[in-house]
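Undergrad: Once you've had a glance at the structure underneath, I'll fire off some questions.
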Amino acid sequence: MDGRAKRATLQTVADEVGVSRTTVSNAYGRPDQLNKALRERIFEAARRLGYPGPDATARSLRRGRAGAIGLVFTETLSYAFADPYSVGFLRGVAEVAEESGTGLLLIPMPPGSGDPETAVRNAVVDGFCLYCVPGGHPAKELIRARGLPLVTTDETDDPSIPYVGIDERGSARMAAEHIARLGHRRVAVMVDHVSGPGTTGPATLDEQRASDCADLRGRLAGYRDALDEVGVAWESVRVVAAGRNSRTAAASQSAHILDVAERPTAVLAIGDVLALGVLDACEQRGLVPGRDISVVGFDDVPEAERARLTTVRQPMGEKGRMAGRLVLEPPREEKVPRIKLPTELVVRTTTGPAPR
């Protein structure tokens, strides 16, 4: 005889308590169907027999709902909790998940991190949100193959994918128009990277055009639009890559902007974290923002206000909430939503008239 103990099952608990399998199942999944005393008897018997409860995966398959949103992003997991913009966006998605009793599964896919196919295929979720994922990333087609709802926060030419974002080009144009009105004609731009993560230093026009990040291309185009109007040729604008979205990296690469013969009088950064790094580099050199040089960021993260940084405010939390709702409640109409949320220019003390 096999001496191994048999694994307790739903039926084992039902037999022990003297009720049906359905009653035991309801104790876990539909507690309103039972009185408190009976539920306690069932749970006590389950503990005594070593029954762990219904299998969550099997239960979700039976219900046709996994109870989770899959959030795919191309940075490390630690970065998602360190970058203030990502934190604001994640908080928005999490709020929607909490309201609907849904979980949130984070699926980081940084370059060289392994097999994205396995991560997407094995994710037990009701739908996916692509956050800061380049247009050509394989995750998109893998999700399509699963037939689950898909929402992206990155500008896309694909009309079949719901999109929640901002007018990247128009928003960046506001920032560049601001410094142009202040008389600035020698301008530099700080980006995280252009031709791939880790690339640093001045970026050529070809590298800028080849960037796989649609949001970056949109912001650069917005800066170019505004500067063209005041006669500043884009070829004269120094675009510098920090290598990653890091305050320290931006401060280091600011040498390509601040330590040149014809120092720019204004710096446009595609994100506040980078702008804060530029401010750090200015402080190291004794340059006063708003007087000696103007600096503009993008996003309006909490630290931007403390640093009195002029920036473009975008609704990070609302973007996350809107994306989460679209995943959980896909639109039924044929027209695919393409939602662009409003932005505004917030002028603080890091910008001022161009030095004479």
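To be explicit about the labels: the chains of the structure tokens are called A, B, and onward in the order shown, and within each one the residues are counted from 1, while ligands get numbers from 1 in the order they are shown.
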Range 133-138 of chain A: which residues within 10 Å, counting only C-alpha atoms, same-chain residues fewer than 4 positions away excluded, as an MDAnalysis selection string?

TA: chainID A and resid 72:75 109:110 116:117 120 129 142:143 152:158 211:215

Undergrad: Need the shell around Val239 in chain A: protein/DNA/RNA residues with any atom at most 8 Å away, counting only C-alpha atoms. Skip same-chain ones fewer than 5 positions apart. Format as a VMD selection string?

TA: chain A and resid 188 to 191 202 to 204

Undergrad: Selection from above, N, CA, C and O atoms, as a short mmCIF file (atom, residue, chain, number, x, y, z; two decimals), in the first residue's frame, can you write it?

TA:
data_model
loop_
_atom_site.label_atom_id
_atom_site.label_comp_id
_atom_site.auth_asym_id
_atom_site.auth_seq_id
_atom_site.Cartn_x
_atom_site.Cartn_y
_atom_site.Cartn_z
N ALA A 188 20.50 74.30 -26.21
CA ALA A 188 20.91 72.90 -26.17
C ALA A 188 19.76 72.06 -25.65
O ALA A 188 18.83 72.59 -25.01
N VAL A 189 19.79 70.77 -25.96
CA VAL A 189 18.74 69.84 -25.52
C VAL A 189 19.40 68.66 -24.82
O VAL A 189 20.40 68.11 -25.32
N MET A 190 18.87 68.26 -23.67
CA MET A 190 19.35 67.07 -22.95
C MET A 190 18.30 65.97 -23.05
O MET A 190 17.14 66.17 -22.70
N VAL A 191 18.73 64.80 -23.55
CA VAL A 191 17.84 63.64 -23.66
C VAL A 191 18.46 62.49 -22.86
O VAL A 191 19.62 62.56 -22.44
N PRO A 202 27.07 64.15 -27.45
CA PRO A 202 26.32 64.82 -28.53
C PRO A 202 25.75 63.81 -29.53
O PRO A 202 26.43 62.87 -29.93
N ALA A 203 24.50 64.03 -29.93
CA ALA A 203 23.82 63.12 -30.85
C ALA A 203 23.68 63.77 -32.22
O ALA A 203 23.26 64.93 -32.32
N THR A 204 24.01 63.04 -33.25
CA THR A 204 23.91 63.56 -34.62
C THR A 204 22.45 63.60 -35.05
O THR A 204 21.57 62.98 -34.44
#

Undergrad: Hey, can you check how far CA of Ala97 in chain A sits from CA of Pro330 in chain A?

TA: 14.5 Å

Undergrad: Using the chain letters and numbers from this document, which residues of range 227-264 of chain A does DSSP assign to strand (DSSP E or B), as number ranges by chain?

TA: A: 238-241

Undergrad: Rounded to one decimal place, report the CA of Gly352 in chain A-CA of Leu309 in chain A distance in Å.

TA: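 Result for CA of Gly352 in chain A versus CA of Leu309 in chain A: 11.5 Å, one decimal.
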